[in-house]
Amino acid sequence: MVFGAALLGLGFLMAQKIWAQYGQPPQPSIWAVPGSVISTGSAVTIFCRAPPGVTRVRLTHYVLNGKWFDRTPQGAQEVFEFSLQNMIHSNAGIYYCEYSKGAEWSQISDKLELVVTGAYMEKPFLTVDSGPQGFSEINATLHCHIHVSFNIFILCRDGNASFPQNCSWQDHNTFLISHVSLEHLRTYRCFVSDKHNSYLWSLPSEPLEFSIPGPPPQPSIWAVPGAVISTGSAVTIFCRTPPGVTYVRLKHYVPDGKWFDRTPQGAQEVFEFSLKNMTQSNAGIYYCEYSKGAEWSQISDKLELVVTGVYKEKPSLTVDSGPQGSSEINTTLHCHIHGSFNIFILCRDGNASFPQNCSQQDHNTFLISPVSPGHRRTYRCFGSKKHNSYLWSLPSEPLEFSIPGPSVPIVVWVSVAAVCFLLFLLLLFICLCCHCAKCRASNGKTRSHVKYKSSSTAMDIEEKHKYGDLEGIQPEDCRKVDTQVSAAENSQEVTYAQLCQENFRNNMNPLPSNTPQGTSTHTCVYATLTLSQEKSQS
């Protein structure tokens, strides 16, 4: 029992540790469809998400008298719907979700602020300022006008009159809009409200549609199969632009200048520029730009095209096998090359013609951290010179090795061993309990057999046939009949009984007989026999 209590306490401590590790139950989430701003008379559905296995999910409307709606999950249900079919002003306000598991309730969700429009019948109107500071490429100024005294003004972008979206509010009616995210056509509406209940809004203004011009989008540039190309190989440079451009230009940034133009076909957006036979003159910086009419866009990010094999020296790459050279923490590689090279490049993966994931530095020792332990990597190194870092030497021979992964912490192994030991003790305890129960049952049967000896009519008949030579013995003769009863194994106990029927009948209370009715019966005598043990004479 003490051992069982100890195991129970240990399980409780482990449960407490797991609770502390994983924290409280996850917070439920809440949202509304089609949105949280709903016109009077429209319908909205509020959704609550809870983890599986909860007992109850509750949606609470935070009002003075309190109001809530409960749902009971069906199976492993996680998302619960609460529908409001006809929105009125009393439905506006703050909502949140919570759930229970048994008698314990979770923390509440983030609040959902449900707004009802059309609660005030006044209708504002929205204008854009066309003055010198009102509408430009920098900003736009919008005004929300209303003839009644309201102290909250709301501007919504996109959506429609019944379900406006992207709304912001302030305490004055002038809205300054930056063009940063307004390169496309936008639709604006404004509302008014009062501070004593900011969840009740007026009717919406008429929509105001306009677009604020912004700079043309920047083109993008990339190379296939990569930006590091061996001498004599081919590479294709791609430029992406928006549709509807007039020209696309690929520029090679060299002293005398060099460019390639393309004219789009239809709504073409991606343009290819192929270099079939790479030489050292093709190395360097490239970028794209495009024009719409007479106006040119900004240039793309630069593409640095490298040509390998320009220098015929071939470096060698080695791995340091010292105590700090190759370990679970880091690996040290050395790039050796003969000649006056002051830039050293290490590439991971790819092949000799198109190496990938290259990094360069001004010394030949590379310290590699096992960012991706357990995976095999192929490394090559190159040499270059600072006066033209886009021209590289021949590649070294590939060096292949795998970085060892992190070993399992000793704490994990100790924890696993402790759990296995506890399971072993529990199994041993169960086996001992079963063994003791069997021993008690066996001893009980032995004592019962020795203490009571019953005879039925059937047994009397059997004994009569078995000991036919004893027939005729009269009770009053009080002859001696020796019956030897064998006790437990390797025991020398012998039981002798001298029975006299008439005497025992007067002195003993016979136990009830189980003999069926209608059968001739003899008296059944039950006697308590005392076992005695005689030591053998040596």
# chains A, B, ... in the order shown; residues from 1 in each chain; ligands from 1
>>> residues_around(residues="A:Ala234", least_positions_apart="5", cutoff="9 Å", atoms="only C-alpha atoms", output="PyMOL selection string")
chain A and resi 225+229+274-278
>>> write_last_selection(atoms="N, CA and C atoms", output="short mmCIF file (atom, residue, chain, number, x, y, z; two decimals), in the first residue's frame")
data_model
loop_
_atom_site.label_atom_id
_atom_site.label_comp_id
_atom_site.auth_asym_id
_atom_site.auth_seq_id
_atom_site.Cartn_x
_atom_site.Cartn_y
_atom_site.Cartn_z
N PRO A 225 21.21 28.98 -64.73
CA PRO A 225 21.02 28.20 -63.50
C PRO A 225 21.54 28.86 -62.23
N ILE A 229 28.95 31.13 -62.87
CA ILE A 229 28.95 30.36 -64.10
C ILE A 229 30.40 30.07 -64.51
N SER A 274 19.77 35.88 -73.03
CA SER A 274 20.66 34.71 -72.98
C SER A 274 22.09 35.10 -73.32
N LEU A 275 23.03 34.56 -72.53
CA LEU A 275 24.47 34.67 -72.80
C LEU A 275 24.97 33.25 -73.02
N LYS A 276 25.32 32.92 -74.27
CA LYS A 276 25.58 31.53 -74.66
C LYS A 276 26.96 31.03 -74.25
N ASN A 277 27.98 31.88 -74.28
CA ASN A 277 29.35 31.45 -74.05
C ASN A 277 30.02 32.43 -73.10
N MET A 278 30.02 32.11 -71.84
CA MET A 278 30.50 33.04 -70.82
C MET A 278 32.01 33.23 -70.92
#
>>> residues_around(residues="A:Lys302", least_positions_apart="5", cutoff="12 Å", atoms="only C-alpha atoms", output="ChimeraX atom specification")
/A:218-223,227,237,239,250-253,284-289
>>> write_last_selection(atoms="N, CA, C and O atoms", output="mmCIF file, in the first residue's frame")
data_model
loop_
_atom_site.group_PDB
_atom_site.id
_atom_site.type_symbol
_atom_site.label_atom_id
_atom_site.label_comp_id
_atom_site.auth_asym_id
_atom_site.auth_seq_id
_atom_site.Cartn_x
_atom_site.Cartn_y
_atom_site.Cartn_z
ATOM 1 N N GLN A 218 9.030 48.376 -58.908
ATOM 2 C CA GLN A 218 10.409 48.048 -59.281
ATOM 3 C C GLN A 218 10.452 46.723 -60.028
ATOM 4 O O GLN A 218 9.798 45.754 -59.627
ATOM 5 N N PRO A 219 11.219 46.623 -61.124
ATOM 6 C CA PRO A 219 11.363 45.328 -61.795
ATOM 7 C C PRO A 219 12.242 44.388 -60.967
ATOM 8 O O PRO A 219 12.962 44.831 -60.061
ATOM 9 N N SER A 220 12.166 43.107 -61.274
ATOM 10 C CA SER A 220 12.993 42.108 -60.578
ATOM 11 C C SER A 220 13.896 41.406 -61.582
ATOM 12 O O SER A 220 13.601 41.357 -62.783
ATOM 13 N N ILE A 221 15.002 40.822 -61.091
ATOM 14 C CA ILE A 221 16.009 40.204 -61.956
ATOM 15 C C ILE A 221 16.553 38.956 -61.284
ATOM 16 O O ILE A 221 16.699 38.916 -60.056
ATOM 17 N N TRP A 222 16.832 37.894 -62.081
ATOM 18 C CA TRP A 222 17.468 36.678 -61.581
ATOM 19 C C TRP A 222 18.117 35.937 -62.742
ATOM 20 O O TRP A 222 17.855 36.241 -63.910
ATOM 21 N N ALA A 223 18.985 34.992 -62.422
ATOM 22 C CA ALA A 223 19.746 34.236 -63.433
ATOM 23 C C ALA A 223 19.516 32.748 -63.235
ATOM 24 O O ALA A 223 19.402 32.261 -62.100
ATOM 25 N N ALA A 227 24.040 32.542 -60.473
ATOM 26 C CA ALA A 227 24.853 33.734 -60.710
ATOM 27 C C ALA A 227 26.337 33.425 -60.783
ATOM 28 O O ALA A 227 27.135 34.313 -61.067
ATOM 29 N N ILE A 237 19.417 35.389 -68.196
ATOM 30 C CA ILE A 237 19.006 36.407 -67.234
ATOM 31 C C ILE A 237 17.549 36.767 -67.506
ATOM 32 O O ILE A 237 17.157 37.003 -68.655
ATOM 33 N N CYS A 239 14.111 39.225 -66.530
ATOM 34 C CA CYS A 239 13.593 40.469 -65.976
ATOM 35 C C CYS A 239 12.069 40.388 -65.933
ATOM 36 O O CYS A 239 11.438 40.005 -66.926
ATOM 37 N N LEU A 250 18.018 45.434 -70.232
ATOM 38 C CA LEU A 250 19.000 44.796 -69.359
ATOM 39 C C LEU A 250 20.316 45.542 -69.529
ATOM 40 O O LEU A 250 20.878 45.601 -70.637
ATOM 41 N N LYS A 251 20.856 46.082 -68.441
ATOM 42 C CA LYS A 251 22.087 46.864 -68.509
ATOM 43 C C LYS A 251 23.231 46.117 -67.839
ATOM 44 O O LYS A 251 23.058 45.538 -66.753
ATOM 45 N N HIS A 252 24.403 46.127 -68.501
ATOM 46 C CA HIS A 252 25.637 45.596 -67.922
ATOM 47 C C HIS A 252 26.450 46.781 -67.446
ATOM 48 O O HIS A 252 26.852 47.636 -68.237
ATOM 49 N N TYR A 253 26.680 46.836 -66.143
ATOM 50 C CA TYR A 253 27.331 48.000 -65.556
ATOM 51 C C TYR A 253 28.838 47.887 -65.745
ATOM 52 O O TYR A 253 29.562 47.320 -64.909
ATOM 53 N N GLY A 284 30.306 40.674 -63.969
ATOM 54 C CA GLY A 284 30.040 41.998 -63.443
ATOM 55 C C GLY A 284 28.610 42.183 -62.972
ATOM 56 O O GLY A 284 27.892 41.211 -62.693
ATOM 57 N N ILE A 285 28.173 43.429 -62.912
ATOM 58 C CA ILE A 285 26.871 43.796 -62.355
ATOM 59 C C ILE A 285 25.871 44.035 -63.476
ATOM 60 O O ILE A 285 26.176 44.755 -64.447
ATOM 61 N N TYR A 286 24.668 43.453 -63.316
ATOM 62 C CA TYR A 286 23.564 43.653 -64.266
ATOM 63 C C TYR A 286 22.344 44.156 -63.494
ATOM 64 O O TYR A 286 22.153 43.839 -62.310
ATOM 65 N N TYR A 287 21.490 44.920 -64.196
ATOM 66 C CA TYR A 287 20.207 45.313 -63.616
ATOM 67 C C TYR A 287 19.200 45.562 -64.726
ATOM 68 O O TYR A 287 19.559 45.749 -65.906
ATOM 69 N N CYS A 288 17.912 45.566 -64.389
ATOM 70 C CA CYS A 288 16.815 45.770 -65.343
ATOM 71 C C CYS A 288 16.126 47.100 -65.073
ATOM 72 O O CYS A 288 16.110 47.603 -63.940
ATOM 73 N N GLU A 289 15.492 47.640 -66.108
ATOM 74 C CA GLU A 289 14.582 48.772 -65.997
ATOM 75 C C GLU A 289 13.599 48.713 -67.161
ATOM 76 O O GLU A 289 13.798 47.951 -68.116
#
>>> residues_around(residues="A:Val307", least_positions_apart="2", cutoff="9 Å", atoms="only C-alpha atoms", output="PyMOL selection string")
chain A and resi 227-231+278-284+305+309-310+390-393
>>> write_last_selection(atoms="N, CA, C and O atoms", output="JSON list (two decimals), in the first residue's frame")
[["chain", "number", "residue", "atom", "x", "y", "z"],
["A", 227, "ALA", "N", 24.04, 32.54, -60.47],
["A", 227, "ALA", "CA", 24.85, 33.73, -60.71],
["A", 227, "ALA", "C", 26.34, 33.42, -60.78],
["A", 227, "ALA", "O", 27.13, 34.31, -61.07],
["A", 228, "VAL", "N", 26.76, 32.18, -60.54],
["A", 228, "VAL", "CA", 28.16, 31.77, -60.64],
["A", 228, "VAL", "C", 28.26, 30.76, -61.77],
["A", 228, "VAL", "O", 27.73, 29.65, -61.68],
["A", 229, "ILE", "N", 28.95, 31.13, -62.87],
["A", 229, "ILE", "CA", 28.95, 30.36, -64.10],
["A", 229, "ILE", "C", 30.40, 30.07, -64.51],
["A", 229, "ILE", "O", 31.26, 30.97, -64.43],
["A", 230, "SER", "N", 30.66, 28.85, -64.95],
["A", 230, "SER", "CA", 32.01, 28.51, -65.41],
["A", 230, "SER", "C", 32.25, 29.06, -66.82],
["A", 230, "SER", "O", 31.31, 29.27, -67.59],
["A", 231, "THR", "N", 33.52, 29.29, -67.14],
["A", 231, "THR", "CA", 33.89, 29.80, -68.46],
["A", 231, "THR", "C", 33.39, 28.87, -69.56],
["A", 231, "THR", "O", 33.57, 27.65, -69.48],
["A", 278, "MET", "N", 30.02, 32.11, -71.84],
["A", 278, "MET", "CA", 30.50, 33.04, -70.82],
["A", 278, "MET", "C", 32.01, 33.23, -70.92],
["A", 278, "MET", "O", 32.78, 32.26, -70.98],
["A", 279, "THR", "N", 32.43, 34.48, -70.93],
["A", 279, "THR", "CA", 33.84, 34.85, -70.88],
["A", 279, "THR", "C", 34.03, 35.84, -69.74],
["A", 279, "THR", "O", 33.05, 36.30, -69.12],
["A", 280, "GLN", "N", 35.27, 36.22, -69.50],
["A", 280, "GLN", "CA", 35.53, 37.14, -68.40],
["A", 280, "GLN", "C", 34.91, 38.51, -68.63],
["A", 280, "GLN", "O", 34.59, 39.23, -67.69],
["A", 281, "SER", "N", 34.69, 38.87, -69.91],
["A", 281, "SER", "CA", 34.08, 40.16, -70.20],
["A", 281, "SER", "C", 32.60, 40.19, -69.84],
["A", 281, "SER", "O", 32.01, 41.27, -69.73],
["A", 282, "ASN", "N", 31.98, 39.01, -69.64],
["A", 282, "ASN", "CA", 30.56, 38.97, -69.26],
["A", 282, "ASN", "C", 30.34, 39.10, -67.76],
["A", 282, "ASN", "O", 29.19, 39.27, -67.31],
["A", 283, "ALA", "N", 31.42, 38.99, -66.98],
["A", 283, "ALA", "CA", 31.28, 39.09, -65.52],
["A", 283, "ALA", "C", 30.96, 40.52, -65.11],
["A", 283, "ALA", "O", 31.28, 41.48, -65.82],
["A", 284, "GLY", "N", 30.31, 40.67, -63.97],
["A", 284, "GLY", "CA", 30.04, 42.00, -63.44],
["A", 284, "GLY", "C", 28.61, 42.18, -62.97],
["A", 284, "GLY", "O", 27.89, 41.21, -62.69],
["A", 305, "LEU", "N", 27.10, 38.79, -61.58],
["A", 305, "LEU", "CA", 27.40, 37.60, -62.38],
["A", 305, "LEU", "C", 28.89, 37.30, -62.28],
["A", 305, "LEU", "O", 29.73, 38.16, -62.61],
["A", 309, "GLY", "N", 37.03, 29.88, -63.48],
["A", 309, "GLY", "CA", 38.00, 29.32, -64.44],
["A", 309, "GLY", "C", 38.79, 30.37, -65.19],
["A", 309, "GLY", "O", 39.53, 30.04, -66.12],
["A", 310, "VAL", "N", 38.67, 31.64, -64.82],
["A", 310, "VAL", "CA", 39.46, 32.70, -65.47],
["A", 310, "VAL", "C", 40.93, 32.56, -65.07],
["A", 310, "VAL", "O", 41.83, 32.68, -65.91],
["A", 390, "TYR", "N", 34.74, 39.48, -59.48],
["A", 390, "TYR", "CA", 33.79, 38.68, -60.26],
["A", 390, "TYR", "C", 34.50, 37.67, -61.16],
["A", 390, "TYR", "O", 33.84, 36.94, -61.89],
["A", 391, "LEU", "N", 35.83, 37.60, -61.08],
["A", 391, "LEU", "CA", 36.62, 36.61, -61.82],
["A", 391, "LEU", "C", 37.26, 35.67, -60.82],
["A", 391, "LEU", "O", 38.03, 36.10, -59.94],
["A", 392, "TRP", "N", 36.94, 34.36, -60.94],
["A", 392, "TRP", "CA", 37.41, 33.37, -59.98],
["A", 392, "TRP", "C", 38.33, 32.37, -60.65],
["A", 392, "TRP", "O", 38.36, 32.25, -61.88],
["A", 393, "SER", "N", 39.03, 31.61, -59.78],
["A", 393, "SER", "CA", 39.91, 30.56, -60.28],
["A", 393, "SER", "C", 39.12, 29.32, -60.63],
["A", 393, "SER", "O", 37.88, 29.30, -60.55]]
>>> residues_around(residues="stretch 331-333 of chain A", least_positions_apart="5", cutoff="7 Å", atoms="only C-alpha atoms", output="count of residues only")
11
>>> residues_around(residues="A:Asp171", least_positions_apart="4", cutoff="10 Å", atoms="only C-alpha atoms", output="PyMOL selection string")
chain A and resi 150-154+192-195
>>> select_by_dssp(residues="stretch 7-106 of chain A", states="alpha helix (DSSP H)", output="MDAnalysis selection string")
chainID A and resid 7:22
>>> write_last_selection(atoms="N, CA and C atoms", output="PDB file, in the first residue's frame")
ATOM      1  N   LEU A   7       3.717   5.656  -5.703  1.00  0.00           N
ATOM      2  CA  LEU A   7       3.542   5.767  -7.149  1.00  0.00           C
ATOM      3  C   LEU A   7       2.456   6.781  -7.501  1.00  0.00           C
ATOM      4  N   LEU A   8       1.382   6.791  -6.708  1.00  0.00           N
ATOM      5  CA  LEU A   8       0.306   7.747  -6.954  1.00  0.00           C
ATOM      6  C   LEU A   8       0.798   9.179  -6.781  1.00  0.00           C
ATOM      7  N   GLY A   9       1.592   9.388  -5.721  1.00  0.00           N
ATOM      8  CA  GLY A   9       2.150  10.719  -5.504  1.00  0.00           C
ATOM      9  C   GLY A   9       3.098  11.130  -6.599  1.00  0.00           C
ATOM     10  N   LEU A  10       3.910  10.149  -7.071  1.00  0.00           N
ATOM     11  CA  LEU A  10       4.813  10.455  -8.171  1.00  0.00           C
ATOM     12  C   LEU A  10       4.040  10.834  -9.427  1.00  0.00           C
ATOM     13  N   GLY A  11       2.947  10.106  -9.731  1.00  0.00           N
ATOM     14  CA  GLY A  11       2.122  10.462 -10.885  1.00  0.00           C
ATOM     15  C   GLY A  11       1.533  11.849 -10.750  1.00  0.00           C
ATOM     16  N   PHE A  12       1.124  12.203  -9.526  1.00  0.00           N
ATOM     17  CA  PHE A  12       0.571  13.546  -9.328  1.00  0.00           C
ATOM     18  C   PHE A  12       1.621  14.617  -9.571  1.00  0.00           C
ATOM     19  N   LEU A  13       2.842  14.361  -9.071  1.00  0.00           N
ATOM     20  CA  LEU A  13       3.923  15.328  -9.294  1.00  0.00           C
ATOM     21  C   LEU A  13       4.250  15.463 -10.765  1.00  0.00           C
ATOM     22  N   MET A  14       4.259  14.327 -11.500  1.00  0.00           N
ATOM     23  CA  MET A  14       4.525  14.396 -12.934  1.00  0.00           C
ATOM     24  C   MET A  14       3.430  15.174 -13.650  1.00  0.00           C
ATOM     25  N   ALA A  15       2.169  14.974 -13.254  1.00  0.00           N
ATOM     26  CA  ALA A  15       1.075  15.730 -13.867  1.00  0.00           C
ATOM     27  C   ALA A  15       1.232  17.224 -13.603  1.00  0.00           C
ATOM     28  N   GLN A  16       1.649  17.567 -12.351  1.00  0.00           N
ATOM     29  CA  GLN A  16       1.866  18.979 -12.048  1.00  0.00           C
ATOM     30  C   GLN A  16       2.986  19.557 -12.894  1.00  0.00           C
ATOM     31  N   LYS A  17       4.053  18.746 -13.118  1.00  0.00           N
ATOM     32  CA  LYS A  17       5.179  19.208 -13.934  1.00  0.00           C
ATOM     33  C   LYS A  17       4.739  19.426 -15.380  1.00  0.00           C
ATOM     34  N   ILE A  18       3.917  18.498 -15.902  1.00  0.00           N
ATOM     35  CA  ILE A  18       3.426  18.656 -17.275  1.00  0.00           C
ATOM     36  C   ILE A  18       2.559  19.899 -17.375  1.00  0.00           C
ATOM     37  N   TRP A  19       1.689  20.148 -16.388  1.00  0.00           N
ATOM     38  CA  TRP A  19       0.834  21.345 -16.411  1.00  0.00           C
ATOM     39  C   TRP A  19       1.688  22.593 -16.400  1.00  0.00           C
ATOM     40  N   ALA A  20       2.759  22.575 -15.552  1.00  0.00           N
ATOM     41  CA  ALA A  20       3.632  23.745 -15.504  1.00  0.00           C
ATOM     42  C   ALA A  20       4.383  23.934 -16.797  1.00  0.00           C
ATOM     43  N   GLN A  21       4.739  22.825 -17.445  1.00  0.00           N
ATOM     44  CA  GLN A  21       5.496  22.919 -18.698  1.00  0.00           C
ATOM     45  C   GLN A  21       4.636  23.448 -19.826  1.00  0.00           C
ATOM     46  N   TYR A  22       3.448  22.938 -19.958  1.00  0.00           N
ATOM     47  CA  TYR A  22       2.612  23.302 -21.104  1.00  0.00           C
ATOM     48  C   TYR A  22       1.668  24.464 -20.823  1.00  0.00           C
TER      49      TYR A  22
END
>>> closest_residue(among="A:Asp362, A:Arg240, A:Asp70, A:Phe80", to="A:Asp301", atoms="only C-alpha atoms")
A:Arg240
>>> residues_around(residues="A:Pro204", least_positions_apart="6", cutoff="8 Å", atoms="only C-alpha atoms", output="NGL selection string")
:A and (117-118 or 123-124 or 161 or 189-191)
>>> residues_around(residues="stretch 28-32 of chain A", least_positions_apart="2", cutoff="10 Å", atoms="only C-alpha atoms", output="MDAnalysis selection string")
chainID A and resid 25:26 34:38 44:51 57 59 78:83 95:99 106:114
